[in-house]
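Notes follow once the structure below has been shown.
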Amino acid sequence: MIRPHASHLRLVANKTAARTSAIPRPDIAPINAVQTALHQVSRLMRDAVDESIDEPLRSMVLEHLKTGGKQIRARTALEAAAALGIEPQEVVGVAAACEFLHNATLVHDDLQDGDTVRRGEPTVWVRHGMAQAINVGDVMLMMSTLVLRESEFSPAVRWAIAEAISRRAVDTAAGQSLELALLKNGWLDRTRYLRAACGKSGPFFALPIEAAAICAGIDAIEARAIGNATLGLGALFQVRDDILDVFGDKGRGDAGNDLKEGKVSALVIGHLEASPSDHEKLKETLLRAREHTTPDEIQMWTRRFRESGGLDRACGMAIALSQDIVQAPALDAEPNLRELTRRTAETILKPLSTLATQ
């Protein structure tokens with residue numbers, strides 16, 4: 001069993017949170033409370049790994065977790081809870097579950113895409129081989145529900161959260177599968193791209209919000225609808241990530257990794273909408289083995305994406321997604337969650353503010 005530490009496990013048994021979401025507050029969550037809870041999330045995750053996983057796998061998981069990351073999904077769970085009237089530290093276990101699931105998919109994603117750098121460090125499969133990377137990802141998938149075992153929420157609440165975790169994980173795998181199939185099937189259109197992006201990345205924004213709603217006593221069906229209303233945040237994050245892969249720094253090595261790995265990105269979609277005559281030439285680059293894609297070729301497509309208006313179209317895609325998200329009818333009854341969603345979308349968009357020319 002995970003050793004209970006009072007400083008990082010203060011979940012209240014059978015708690016029905018006082019609902020304060022009817023009136024928006026100036027500050028959705030006190031910054032200090034969320035930051036303190038984030039530290040507790042990291043500590044709980046380390047303790048859970050120490051208590052539950054044997055060597056040599058334990059060290060590999062801890063090595064990956066030490067690379068850090070922005071903990072966006074955990075923070076979203078903590079801020080969503082606060083928006084619904086729950087103290088952030090009361091959902092530390094839920095936030096840790098979201099982080100375990102997210103990190104599991106990152107390890108598998110790096111292996112599938114052949115990425116060698118994550119968060120400025122060698123990826124798990126580079127350090128330990130493909131087989132061990134699968135083990136690391138698999139065990140963190142299991143930890144996402146196992147970490148809930150010390151939660152003092154009622155068994156019914158814990159089961160509802162565990163069900164949400166499994167459902168969102170299924171959706172993520174389906175989205176990842178679709179993304180991997182886009183190029184192979186020649187599906188280089190905006191509709192399929194957005195469906196893949198929403199499916200792959202959306203659940204990791206929807207899950208923490210849905211789980212926080214369940215903890216606040218909101219009916220599971222309504223909580224799921226609220227989570228679904230925020231799926232677009234994942235698509236927005238994916239579009240932003242695609243753009244920064246070429247025109248920014250994602251901490252994954254040299255620019256243009258998506259082109260090297262043959263990914264159908266927002267930039268690819270935007271460019272082909274603006275310059276359909278480049279379809280075969282761009283597809284040829286994407287189908288080429290990553291080691292045969294030269295720096296000169298990356299620079300050429302970078303220039304073409306900007307000149308054709310493909311970059312502007314991709315940025316416009318992000319703006320349209322952000323506008324749709326904050327207007328979702330499912331958030332009408334929860335103005336604090338709407339404000340949180342608006343702020344999150346604004347934060348995701350911020351790095352793109354200087355890129356588009358229109």
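Chain lettering (A, B, ...) mirrors the order of the structure tokens, residue numbering begins at 1 for each chain separately, and ligand numbering begins at 1 in order of display.
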| task | Write out as an MDAnalysis selection string all residues of range 8-257 of chain A that backbone DSSP assigns to alpha helix (DSSP H). | result | chainID A and resid 31:52 57:65 72:83 92:113 124:128 130:146 155:184 190:201 203:215 220:229 232:247 257
| task | Could you tell me how far CA of Leu38 in chain A lies from CA of Thr67 in chain A, in Å and to one decimal? | result |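 Value for the CA of Leu38 in chain A-CA of Thr67 in chain A distance: 15.2 Å.
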| query | Leaving out Asp332 in chain A and any residue of its chain fewer than 5 positions from it, which residues lie within 10 Å of it when counting only C-alpha atoms, given as a PyMOL selection string? | reply | chain A and resi 22+226+326-327+337-338
| field | Exercise: Gly114 in chain A partners within 12 Å, only C-alpha atoms, chain neighbours under 4 positions left out, as a ChimeraX atom specification | value | /A:106-110,118,122-126,129-130,133,252,257-258,260-263,289-291
| field | Spatial neighbours of Gly227 in chain A, 8 Å, only C-alpha atoms, chain gap at least 6 places, as a PyMOL selection string | value | chain A and resi 205-210
Just-selected residues, C-alpha atoms written as a PDB file, in the first residue's frame:
ATOM      1  CA  PHE A 205      -7.937  18.000 -20.826  1.00  0.00           C
ATOM      2  CA  ALA A 206     -11.424  16.512 -20.582  1.00  0.00           C
ATOM      3  CA  LEU A 207     -10.432  13.885 -17.984  1.00  0.00           C
ATOM      4  CA  PRO A 208      -9.179  16.185 -15.191  1.00  0.00           C
ATOM      5  CA  ILE A 209     -12.209  18.442 -15.609  1.00  0.00           C
ATOM      6  CA  GLU A 210     -14.638  15.515 -15.692  1.00  0.00           C
TER       7      GLU A 210
END
Quick one: contact table of range 130-249 of chain A to range 40-44 of chain A, 12 Å max, nearest atom pair and distance in Å to one decimal per residue, counting only C-alpha atoms, chain and number order, as a tab-separated table?
residue	atom	partner	partner_atom	distance
A:Met143	CA	A:Leu44	CA	11.4
A:Ser144	CA	A:Leu44	CA	11.8
A:Leu146	CA	A:Leu44	CA	11.8
A:Val147	CA	A:Leu44	CA	8.3
A:Leu148	CA	A:Leu44	CA	10.6
A:Arg149	CA	A:Leu44	CA	11.9
A:Glu150	CA	A:Leu44	CA	10.3
A:Ser151	CA	A:Leu44	CA	11.4
| query | Pick the closest to Ala82 in chain A from A:Gly316, A:Ile161, A:Ile31, A:Leu349: which is it, counting only C-alpha atoms? | reply |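 Going through A:Gly316, A:Ile161, A:Ile31, A:Leu349 one by one, the smallest distance to Ala82 in chain A is for A:Ile31.
Proximity to Arg127 in chain A was assessed for A:Thr172, A:Asn185, A:Thr302, A:Ser59 counting only C-alpha atoms; the smallest distance is recorded for A:Ser59.
Taking CA of Asp241 in chain A and CA of Gln112 in chain A as endpoints, the distance between them is 17.2 Å.
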Contacts of range 129-163 of chain A with range 62-65 of chain A up to 12 Å, shortest pair per row, only C-alpha atoms, as JSON lines:
{"residue": "A:Ala133", "atom": "CA", "partner": "A:His64", "partner_atom": "CA", "distance": 10.2}
{"residue": "A:Val136", "atom": "CA", "partner": "A:His64", "partner_atom": "CA", "distance": 8.8}
{"residue": "A:Gly137", "atom": "CA", "partner": "A:His64", "partner_atom": "CA", "distance": 10.1}
{"residue": "A:Val139", "atom": "CA", "partner": "A:Leu62", "partner_atom": "CA", "distance": 11.7}
{"residue": "A:Met140", "atom": "CA", "partner": "A:Leu65", "partner_atom": "CA", "distance": 10.3}
Using the selection just defined, write its residues with N, CA and C atoms as a tab-separated table (two decimals), in the first residue's frame.
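Everything below was put into out-v7.tsv:
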chain	number	residue	atom	x	y	z
A	133	ALA	N	10.70	0.44	-22.82
A	133	ALA	CA	9.83	1.61	-22.94
A	133	ALA	C	8.37	1.19	-22.91
A	136	VAL	N	7.54	0.59	-19.31
A	136	VAL	CA	7.39	1.85	-18.56
A	136	VAL	C	6.02	2.47	-18.84
A	137	GLY	N	5.65	2.52	-20.12
A	137	GLY	CA	4.35	3.08	-20.46
A	137	GLY	C	3.21	2.25	-19.89
A	139	VAL	N	3.13	0.24	-17.25
A	139	VAL	CA	2.97	0.29	-15.80
A	139	VAL	C	2.39	1.63	-15.36
A	140	MET	N	2.71	2.72	-16.08
A	140	MET	CA	2.11	4.00	-15.71
A	140	MET	C	0.63	4.05	-16.08
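Secondary structure of range 107-222 of chain A, strand (DSSP E or B) only (DSSP, backbone atoms): Val117, Arg118, Glu121 and Pro122 of chain A.
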| task | Considering only C-alpha atoms, state which residue in the set A:Pro329, A:Gly309, A:Gly234, A:Gly202 is at the smallest distance from Leu355 in chain A. | result | A:Gly309
| field | Selected residue of minimal separation from Ala345 in chain A among A:Gly69, A:Gly232, A:Gly175, A:Gly85, counting only C-alpha atoms | value |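 Distance minimum relative to Ala345 in chain A lands on A:Gly232.
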| remark: Nearest to Leu194 in chain A, restricted to only C-alpha atoms and choosing among A:Thr344, A:Asn228, A:Gln35, A:Gln238, comes out as A:Gln238
| Exercise: Pro295 in chain A partners within 9 Å, only C-alpha atoms, chain neighbours under 4 positions left out, as a PyMOL selection string | chain A and resi 256+299-300
| Skipping near chain neighbours, those fewer than 5 positions away, what residues fall within 9 Å of Ala74 in chain A using only C-alpha atoms, listed as a ChimeraX atom specification? | /A:38,41,79,92,94-99,208
